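Novice: Sharing entry05.txt (compact mmCIF, C-alpha atoms and all ligand atoms) below.
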# COMPACT_ATOMS: atom_id res chain seq x y z
CA MET O 1 78.40 -171.39 175.89
CA SER O 2 81.62 -171.35 177.80
CA SER O 3 82.02 -174.17 180.28
CA HIS O 4 84.51 -172.10 182.27
CA CYS O 5 83.72 -169.60 184.97
CA TYR O 6 86.31 -167.15 186.19
CA THR O 7 86.21 -164.49 188.82
CA ARG O 8 86.99 -160.85 188.12
CA ARG O 9 90.25 -161.27 190.02
CA ASP O 10 91.21 -164.23 187.81
CA PHE O 11 90.49 -162.15 184.73
CA ILE O 12 92.56 -159.17 185.90
CA LYS O 13 95.48 -161.41 186.82
CA ALA O 14 95.35 -163.20 183.50
CA ALA O 15 94.79 -160.05 181.48
CA GLY O 16 97.63 -158.31 183.23
CA LEU O 17 99.86 -161.29 182.66
CA GLY O 18 98.92 -161.56 179.00
CA ALA O 19 99.26 -157.85 178.33
CA THR O 20 102.57 -157.70 180.16
CA PHE O 21 103.81 -160.69 178.24
CA LEU O 22 102.82 -159.12 174.94
CA ALA O 23 104.58 -155.92 175.90
CA MET O 24 107.76 -157.73 176.93
CA GLY O 25 107.99 -159.72 173.72
CA GLY O 26 108.46 -163.07 175.37
CA SER O 27 111.09 -162.32 177.96
CA LEU O 28 108.48 -162.69 180.70
CA LYS O 29 107.82 -166.24 179.59
CA ARG O 30 111.46 -167.12 179.96
CA SER O 31 111.82 -165.45 183.32
CA LEU O 32 108.61 -166.75 184.88
CA GLY O 33 108.71 -170.23 183.44
CA MET O 34 106.29 -172.13 181.25
CA ASP O 35 103.88 -173.35 183.91
CA LEU O 36 102.55 -169.95 184.85
CA ILE O 37 102.18 -168.79 181.28
CA ASN O 38 100.59 -172.06 180.26
CA SER O 39 97.93 -171.98 182.96
CA SER O 40 94.39 -172.40 181.71
CA ILE O 41 93.14 -168.90 182.31
CA PRO O 42 95.47 -167.02 179.96
CA LYS O 43 94.73 -169.68 177.36
CA ALA O 44 90.99 -169.25 177.81
CA LEU O 45 91.35 -165.52 177.41
CA GLY O 46 93.20 -165.99 174.15
CA PHE O 47 96.47 -164.50 175.28
CA GLU O 48 98.43 -167.62 174.46
CA ALA O 49 97.15 -167.53 170.89
CA ALA O 50 97.88 -163.84 170.67
CA THR O 51 101.43 -164.26 171.85
CA GLN O 52 102.13 -167.09 169.44
CA MET O 53 100.34 -165.84 166.37
CA SER O 54 100.99 -162.15 166.06
CA PRO O 55 102.85 -159.32 167.70
CA LYS O 56 100.06 -156.98 166.57
CA LYS O 57 98.12 -155.34 169.36
CA PRO O 58 94.50 -156.49 169.46
CA ASN O 59 91.62 -154.25 168.48
CA ILE O 60 89.18 -153.63 171.33
CA VAL O 61 85.42 -153.26 170.95
CA LEU O 62 83.66 -152.22 174.17
CA ILE O 63 79.88 -152.45 173.85
CA MET O 64 77.53 -151.38 176.64
CA ALA O 65 73.77 -151.59 177.10
CA ASP O 66 71.86 -149.07 179.21
CA ASP O 67 69.68 -150.13 182.13
CA MET O 68 69.60 -153.77 181.12
CA GLY O 69 69.59 -156.50 183.74
CA TYR O 70 72.32 -159.00 183.08
CA SER O 71 70.02 -162.01 182.98
CA ASP O 72 67.84 -160.53 180.25
CA ILE O 73 69.95 -161.90 177.42
CA GLY O 74 69.76 -165.46 176.21
CA CYS O 75 73.19 -166.65 177.33
CA TYR O 76 72.25 -165.87 180.93
CA GLY O 77 68.92 -167.66 180.68
CA GLY O 78 66.70 -164.74 179.69
CA GLU O 79 63.67 -165.07 177.45
CA ILE O 80 64.87 -162.35 175.10
CA HIS O 81 66.19 -163.46 171.71
CA THR O 82 69.85 -162.36 171.54
CA PRO O 83 71.59 -164.79 169.15
CA ASN O 84 74.60 -162.59 168.44
CA LEU O 85 75.43 -162.00 172.09
CA ASP O 86 74.80 -165.68 172.77
CA GLY O 87 77.26 -166.50 169.99
CA LEU O 88 79.91 -164.26 171.51
CA ALA O 89 79.35 -165.92 174.87
CA ALA O 90 79.60 -169.38 173.31
CA GLY O 91 83.05 -168.55 172.00
CA GLY O 92 84.17 -166.48 174.95
CA LEU O 93 83.74 -166.03 178.66
CA ARG O 94 80.71 -165.10 180.73
CA PHE O 95 81.20 -163.40 184.05
CA THR O 96 78.86 -163.93 186.96
CA GLN O 97 79.77 -160.88 189.03
CA PHE O 98 79.91 -157.26 187.98
CA TYR O 99 80.37 -154.15 190.05
CA ASN O 100 79.05 -150.77 189.00
CA THR O 101 78.02 -147.54 190.65
CA ALA O 102 74.28 -148.09 190.13
CA ARG O 103 73.71 -145.15 187.82
CA CYS O 104 74.75 -144.07 184.34
CA CYS O 105 77.20 -141.22 184.89
CA PRO O 106 79.33 -142.52 187.77
CA THR O 107 79.53 -145.96 186.18
CA ARG O 108 80.61 -144.51 182.85
CA ALA O 109 83.17 -142.28 184.57
CA SER O 110 84.69 -145.29 186.31
CA LEU O 111 84.60 -147.36 183.14
CA MET O 112 86.40 -144.66 181.17
CA THR O 113 89.04 -143.88 183.81
CA GLY O 114 89.43 -146.88 186.09
CA LEU O 115 88.92 -144.57 189.07
CA TYR O 116 86.29 -144.15 191.72
CA ALA O 117 83.70 -141.89 190.15
CA HIS O 118 84.19 -139.18 192.80
CA GLN O 119 87.84 -138.82 191.76
CA THR O 120 86.66 -137.82 188.29
CA GLY O 121 84.09 -135.26 189.46
CA MET O 122 81.25 -137.62 188.59
CA GLY O 123 80.08 -138.73 192.00
CA TRP O 124 76.55 -138.13 190.86
CA MET O 125 74.84 -137.23 187.61
CA THR O 126 75.51 -134.61 184.95
CA ALA O 127 72.26 -132.95 185.95
CA ALA O 128 73.89 -130.77 188.62
CA ASN O 129 77.12 -129.19 189.81
CA LEU O 130 76.90 -129.49 193.60
CA ASP O 131 80.00 -127.33 194.20
CA TYR O 132 82.07 -130.19 195.57
CA GLU O 133 85.08 -131.57 193.72
CA GLY O 134 83.55 -135.04 193.64
CA TYR O 135 80.18 -133.77 192.43
CA ARG O 136 80.87 -131.40 189.55
CA GLY O 137 78.65 -133.33 187.17
CA ASP O 138 81.45 -133.02 184.62
CA LEU O 139 84.46 -135.24 183.89
CA ASN O 140 87.39 -133.38 185.42
CA ASN O 141 90.92 -132.94 184.07
CA LYS O 142 92.57 -134.84 186.92
CA CYS O 143 91.91 -138.17 185.26
CA VAL O 144 92.74 -139.79 181.94
CA THR O 145 90.34 -141.86 179.90
CA ILE O 146 91.07 -145.25 178.41
CA ALA O 147 90.90 -143.58 174.99
CA GLU O 148 93.61 -141.09 175.97
CA VAL O 149 95.83 -143.92 177.22
CA LEU O 150 95.26 -146.15 174.20
CA LYS O 151 96.02 -143.27 171.82
CA GLN O 152 99.44 -143.01 173.44
CA ALA O 153 99.83 -146.76 172.89
CA GLY O 154 99.29 -146.31 169.15
CA TYR O 155 95.57 -146.99 168.92
CA SER O 156 93.03 -145.20 166.79
CA THR O 157 90.07 -144.38 169.03
CA TYR O 158 86.41 -144.18 168.11
CA MET O 159 83.13 -143.80 169.94
CA THR O 160 79.52 -144.12 168.86
CA GLY O 161 76.68 -143.74 171.34
CA LYS O 162 75.88 -142.19 174.70
CA TRP O 163 78.57 -140.16 176.49
CA HIS O 164 76.79 -138.69 179.55
CA LEU O 165 79.93 -137.35 181.21
CA THR O 166 79.44 -133.64 180.48
CA TYR O 167 77.55 -131.23 182.70
CA ASP O 168 74.11 -130.78 181.19
CA LYS O 169 74.53 -127.01 180.84
CA TYR O 170 77.59 -127.63 178.65
CA TRP O 171 75.72 -129.37 175.85
CA ASP O 172 76.01 -126.15 173.91
CA GLY O 173 78.82 -124.56 175.87
CA PRO O 174 82.39 -125.55 176.74
CA LYS O 175 83.49 -128.76 175.05
CA HIS O 176 86.42 -129.67 177.31
CA SER O 177 84.71 -132.81 178.55
CA TRP O 178 83.30 -133.97 175.22
CA PRO O 179 84.59 -137.23 173.69
CA ARG O 180 86.85 -135.55 171.11
CA GLN O 181 88.58 -133.64 173.89
CA ARG O 182 88.88 -136.78 176.03
CA GLY O 183 90.81 -139.04 173.70
CA PHE O 184 88.49 -140.09 170.90
CA ASP O 185 89.60 -139.44 167.31
CA ARG O 186 86.04 -139.61 166.04
CA PHE O 187 82.67 -139.44 167.71
CA TYR O 188 79.06 -139.89 166.74
CA GLY O 189 76.37 -139.94 169.36
CA THR O 190 74.77 -138.08 172.21
CA ILE O 191 76.56 -135.88 174.72
CA ALA O 192 73.55 -136.22 176.99
CA GLY O 193 71.89 -139.20 178.67
CA GLY O 194 68.80 -141.13 177.66
CA GLY O 195 66.07 -139.73 175.47
CA SER O 196 64.14 -140.33 172.31
CA TYR O 197 65.30 -143.10 170.01
CA PHE O 198 63.87 -141.13 167.07
CA ASN O 199 65.23 -137.68 167.97
CA PRO O 200 67.99 -138.05 170.59
CA ASN O 201 69.07 -135.18 172.84
CA ALA O 202 72.35 -133.45 172.01
CA LEU O 203 73.09 -135.55 168.94
CA THR O 204 76.63 -134.69 167.87
CA ARG O 205 79.21 -135.62 165.28
CA ASP O 206 82.71 -134.91 166.55
CA ASN O 207 82.26 -131.42 168.02
CA THR O 208 79.29 -130.33 165.94
CA ARG O 209 75.65 -130.54 166.99
CA ILE O 210 73.51 -132.25 164.35
CA LYS O 211 69.86 -133.15 163.94
CA ALA O 212 68.50 -136.61 163.38
CA PRO O 213 66.69 -137.07 160.07
CA ALA O 214 62.96 -136.54 160.47
CA LYS O 215 62.07 -139.92 158.96
CA GLY O 216 63.54 -143.38 159.07
CA TYR O 217 65.92 -142.68 161.95
CA TYR O 218 66.38 -144.93 164.95
CA TYR O 219 69.25 -144.30 167.37
CA THR O 220 70.19 -147.95 167.93
CA ASP O 221 70.61 -148.38 164.16
CA ALA O 222 72.54 -145.11 163.85
CA ILE O 223 74.97 -146.09 166.61
CA SER O 224 75.72 -149.36 164.86
CA ASP O 225 75.85 -147.81 161.37
CA ASN O 226 78.50 -145.38 162.56
CA ALA O 227 80.43 -148.12 164.35
CA VAL O 228 80.47 -150.13 161.10
CA LYS O 229 81.55 -146.98 159.25
CA PHE O 230 84.43 -146.34 161.67
CA ILE O 231 85.56 -149.98 161.56
CA THR O 232 85.43 -150.07 157.76
CA GLU O 233 87.15 -146.73 157.25
CA HIS O 234 89.81 -147.60 159.80
CA ASN O 235 90.62 -150.77 157.89
CA ARG O 236 90.86 -148.81 154.66
CA SER O 237 93.07 -145.96 155.84
CA ASN O 238 94.70 -147.06 159.13
CA GLY O 239 94.71 -150.84 158.81
CA ASP O 240 98.23 -151.09 160.17
CA LYS O 241 97.14 -149.57 163.50
CA PRO O 242 95.02 -151.23 166.19
CA PHE O 243 91.77 -149.54 167.13
CA PHE O 244 89.59 -149.10 170.17
CA ILE O 245 85.90 -148.44 169.70
CA TYR O 246 83.49 -147.70 172.54
CA VAL O 247 79.85 -148.38 171.68
CA PRO O 248 77.46 -147.46 174.51
CA PHE O 249 73.89 -147.97 173.31
CA THR O 250 70.95 -146.24 174.95
CA ALA O 251 68.99 -149.47 174.58
CA VAL O 252 67.17 -150.49 176.75
CA HIS O 253 66.78 -147.20 178.61
CA TYR O 254 63.23 -145.87 178.73
CA PRO O 255 61.22 -144.43 177.03
CA ILE O 256 61.25 -147.56 174.92
CA VAL O 257 59.47 -147.02 171.63
CA GLU O 258 60.20 -149.83 169.22
CA PRO O 259 58.88 -150.38 165.71
CA GLN O 260 55.67 -152.37 166.11
CA GLU O 261 56.78 -155.22 163.87
CA ARG O 262 59.65 -155.90 166.25
CA ILE O 263 57.32 -155.93 169.25
CA ASP O 264 54.90 -158.24 167.44
CA LYS O 265 57.58 -160.91 167.26
CA TYR O 266 57.03 -161.45 170.98
CA ASP O 267 53.30 -162.09 170.55
CA GLY O 268 52.30 -165.30 172.23
CA LYS O 269 55.04 -165.06 174.82
CA PRO O 270 54.03 -164.79 178.49
CA LEU O 271 55.12 -161.15 178.66
CA THR O 272 53.35 -157.91 179.45
CA ASP O 273 53.19 -155.20 176.78
CA GLU O 274 56.02 -153.31 178.49
CA GLN O 275 58.13 -156.44 178.68
CA LYS O 276 57.54 -157.05 174.99
CA ARG O 277 58.81 -153.55 174.20
CA LEU O 278 61.88 -154.09 176.34
CA ALA O 279 62.49 -157.49 174.74
CA ALA O 280 62.13 -156.02 171.24
CA CYS O 281 64.52 -153.19 172.14
CA ALA O 282 67.17 -155.65 173.38
CA THR O 283 66.74 -157.91 170.36
CA HIS O 284 67.11 -154.86 168.12
CA MET O 285 70.40 -153.99 169.84
CA ASP O 286 71.56 -157.59 169.47
CA SER O 287 70.81 -157.57 165.75
CA VAL O 288 72.93 -154.46 165.10
CA ILE O 289 75.74 -155.89 167.24
CA GLY O 290 75.63 -158.68 164.67
CA GLN O 291 76.24 -156.08 161.95
CA MET O 292 79.31 -154.84 163.81
CA ILE O 293 80.66 -158.39 164.12
CA ASP O 294 80.04 -158.86 160.38
CA ALA O 295 82.04 -155.70 159.68
CA LEU O 296 84.96 -157.05 161.70
CA GLN O 297 84.72 -160.34 159.81
CA ARG O 298 84.42 -158.66 156.42
CA THR O 299 87.50 -156.53 157.02
CA GLY O 300 89.55 -159.46 158.30
CA GLN O 301 89.81 -158.04 161.83
CA ARG O 302 87.59 -160.42 163.74
CA GLU O 303 90.31 -162.78 164.96
CA ASN O 304 92.47 -160.00 166.34
CA THR O 305 89.67 -158.21 168.17
CA LEU O 306 88.66 -158.43 171.81
CA ILE O 307 84.91 -157.80 172.15
CA VAL O 308 83.53 -156.93 175.59
CA PHE O 309 79.83 -156.53 176.32
CA ALA O 310 78.37 -155.19 179.57
CA SER O 311 75.40 -153.28 180.93
CA ASP O 312 76.01 -150.01 182.79
CA ASN O 313 73.78 -150.76 185.75
CA GLY O 314 70.85 -152.94 186.71
CA ALA O 315 67.51 -152.69 185.01
CA HIS O 316 65.16 -149.87 185.86
CA ASP O 317 62.28 -150.83 188.08
CA ARG O 318 59.72 -149.20 185.80
CA HIS O 319 60.01 -152.42 183.81
CA CYS O 320 58.70 -154.28 186.79
CA PRO O 321 55.53 -156.12 185.80
CA SER O 322 53.02 -157.20 188.37
CA VAL O 323 53.29 -160.84 187.37
CA TYR O 324 56.86 -160.90 188.63
CA TRP O 325 56.35 -158.62 191.58
CA GLU O 326 57.39 -159.87 194.94
CA PRO O 327 56.44 -157.76 197.98
CA ASN O 328 59.26 -155.76 199.54
CA ARG O 329 61.61 -156.49 196.70
CA GLN O 330 62.27 -154.41 193.64
CA CYS O 331 62.08 -156.53 190.59
CA SER O 332 62.60 -156.14 186.88
CA GLY O 333 60.43 -158.74 185.28
CA PRO O 334 62.65 -161.19 183.47
CA VAL O 335 65.60 -159.32 184.88
CA ARG O 336 67.24 -159.86 188.22
CA GLY O 337 68.40 -156.77 190.06
CA ASN O 338 67.85 -153.19 189.09
CA LYS O 339 69.12 -149.70 189.69
CA PRO O 340 67.29 -147.61 192.26
CA PHE O 341 66.84 -144.47 190.18
CA SER O 342 66.78 -143.39 186.57
CA GLY O 343 69.99 -142.54 184.79
CA CA S 401 71.97 -146.51 182.84
Once more with this new file: its structure as structure tokens, please.
Ligand SMILES: [Ca+2]
Specialist:
Amino acid sequence: MSSHCYTRRDFIKAAGLGATFLAMGGSLKRSLGMDLINSSIPKALGFEAATQMSPKKPNIVLIMADDMGYSDIGCYGGEIHTPNLDGLAAGGLRFTQFYNTARCCPTRASLMTGLYAHQTGMGWMTAANLDYEGYRGDLNNKCVTIAEVLKQAGYSTYMTGKWHLTYDKYWDGPKHSWPRQRGFDRFYGTIAGGGSYFNPNALTRDNTRIKAPAKGYYYTDAISDNAVKFITEHNRSNGDKPFFIYVPFTAVHYPIVEPQERIDKYDGKPLTDEQKRLAACATHMDSVIGQMIDALQRTGQRENTLIVFASDNGAHDRHCPSVYWEPNRQCSGPVRGNKPFSG
């Protein structure tokens, strides 16, 4: 577990400094002097190593959970078994503040564009077009996504998982706001929001609607399997290029239906049945994140890859068990904080 704690502002300053330094090929170091470059924060973020070891741009893996409170996972003190995320935290940085827009779609719009959600047309959810520019329920063409920007910087761009930035009536209609049209070279996942883990809504490969296999399918596994596939195939055919992969899971969004053997592993713990399902769902996600890390290791890309993990918003209050309930305060069981509505 990291012994350092940095604010978001520290991170942005250091990241900007490191990225700028990389882009300037060392001239910044000469012009700014050694002390600034050698401060502890850039070192902790790995930028010093990156600047000294390789001019190659780092790969970026952006993983996101859905409706998971930040203190659920082990490295933040949660009861849920998340050894792979704990391992990443032990070798990286944990942040103690995180700002989001409280619901899926606006948060994802801001994450993808760096803008206020209203500037992207996603002031609310994809469920409705309210006839205001800020509330179209559809990612507009006045913004660029991080995938579009990174493509211009020479990155291959991949996405597996939940998009949720396309107006719900466009699932089978115009594709202008689908991932392939917004900067991603390859896509596997759901255009829509949450749904069944066994038969997800609007399951799509690139621009083609597909059906989940009737048996043996589980969305969390499929998201990871396709991430591993993209990472492996990238290494085989585009290994000289850096890549960006965005992996937004639907775990632990309700309705949580986990294989019983995974739930049974929480028998004997002081958890309600619903908490056990949530815990099993999060542990399942953690285990397939481990498979993605293994793929990076196996292909020799682990050391040149920045891995970021976040949750899109606080936990949903339907997970609130009575044992944790405090009057006049919404609560999420082993989770602190929650979003006010579903999304
Ligand atoms: Ca969410």
Novice: Hey, what's within 10 Å of stretch 175-190 of chain O if we count all atoms listed in the file and toss same-chain stuff fewer than 4 positions away? As a PyMOL selection string, please?
Specialist: chain O and resi 112+138-141+143-152+155-167+170-171+194-195+200-210+219+222-223+226-227+230+244-250
Novice: Figure out the distance between atom CA of O:Asp225 and atom CA of O:Leu306, please, to one decimal in Å.
Specialist: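 Computing the Euclidean distance for atom CA of O:Leu306 and atom CA of O:Asp225 yields 19.6 Å.
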Novice: Let me have all residues with an atom within 9 Å of ligand CA 401 (chain S), counting all atoms listed in the file, laid out as a short mmCIF file (atom, residue, chain, number, x, y, z; two decimals) with C-alpha atoms, keeping the file's coordinate frame.
Specialist:
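What landed in out23.cif:
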data_model
loop_
_atom_site.label_atom_id
_atom_site.label_comp_id
_atom_site.auth_asym_id
_atom_site.auth_seq_id
_atom_site.Cartn_x
_atom_site.Cartn_y
_atom_site.Cartn_z
CA ALA O 65 73.77 -151.59 177.10
CA ASP O 66 71.86 -149.07 179.21
CA ASP O 67 69.68 -150.13 182.13
CA MET O 68 69.60 -153.77 181.12
CA ALA O 102 74.28 -148.09 190.13
CA ARG O 103 73.71 -145.15 187.82
CA CYS O 104 74.75 -144.07 184.34
CA CYS O 105 77.20 -141.22 184.89
CA THR O 107 79.53 -145.96 186.18
CA ARG O 108 80.61 -144.51 182.85
CA GLY O 193 71.89 -139.20 178.67
CA GLY O 194 68.80 -141.13 177.66
CA THR O 250 70.95 -146.24 174.95
CA VAL O 252 67.17 -150.49 176.75
CA HIS O 253 66.78 -147.20 178.61
CA SER O 311 75.40 -153.28 180.93
CA ASP O 312 76.01 -150.01 182.79
CA ASN O 313 73.78 -150.76 185.75
CA GLY O 314 70.85 -152.94 186.71
CA ALA O 315 67.51 -152.69 185.01
CA HIS O 316 65.16 -149.87 185.86
CA LYS O 339 69.12 -149.70 189.69
CA SER O 342 66.78 -143.39 186.57
CA GLY O 343 69.99 -142.54 184.79
#
Novice: Just the residues within 10 Å of O:Lys169, please, counting only C-alpha atoms, with nothing from its chain fewer than 5 positions along; format it as a PyMOL selection string.
Specialist: chain O and resi 126-129+137-138+174
Novice: If we count all atoms listed in the file and set the cut-off at 12 Å, which residues sit around O:Asp286, ignoring sequence neighbours fewer than 4 positions away in its own chain? Please answer as an MDAnalysis selection string.
Specialist: chainID O and resid 63:65 72:74 80:88 220:221 224 249 251:252 279:282 290:293 309
Novice: Tell me, in Å to one decimal, how far atom CA of O:Gly300 is from atom CA of O:His234.
Specialist: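 So the answer is 12.0 Å.
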Novice: Find the distance between atom CA of O:Glu258 and atom CA of O:Thr232 and write it in Å to one decimal.
Specialist: 27.7 Å
Novice: Residues near O:Asp264, anyone? I mean within 10 Å using all atoms listed in the file, not counting same-chain ones fewer than 6 positions away, as a list in words.
Specialist: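 Near neighbours after the sequence-gap exclusion: Asp273, Lys276, Arg277 and Ala280 of chain O.
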Novice: Taking only C-alpha atoms into account, which of O:Leu115, O:Leu296, O:Leu278, O:Ala109 comes nearest O:Val228?
Specialist: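 When distances to O:Val228 are compared using only C-alpha atoms, the smallest one comes from O:Leu296.
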Novice: For O:Thr299, which residue out of O:Gly121, O:Pro242, O:Asn235, O:Ile191 is the nearest one, using all atoms listed in the file?
Specialist: O:Asn235
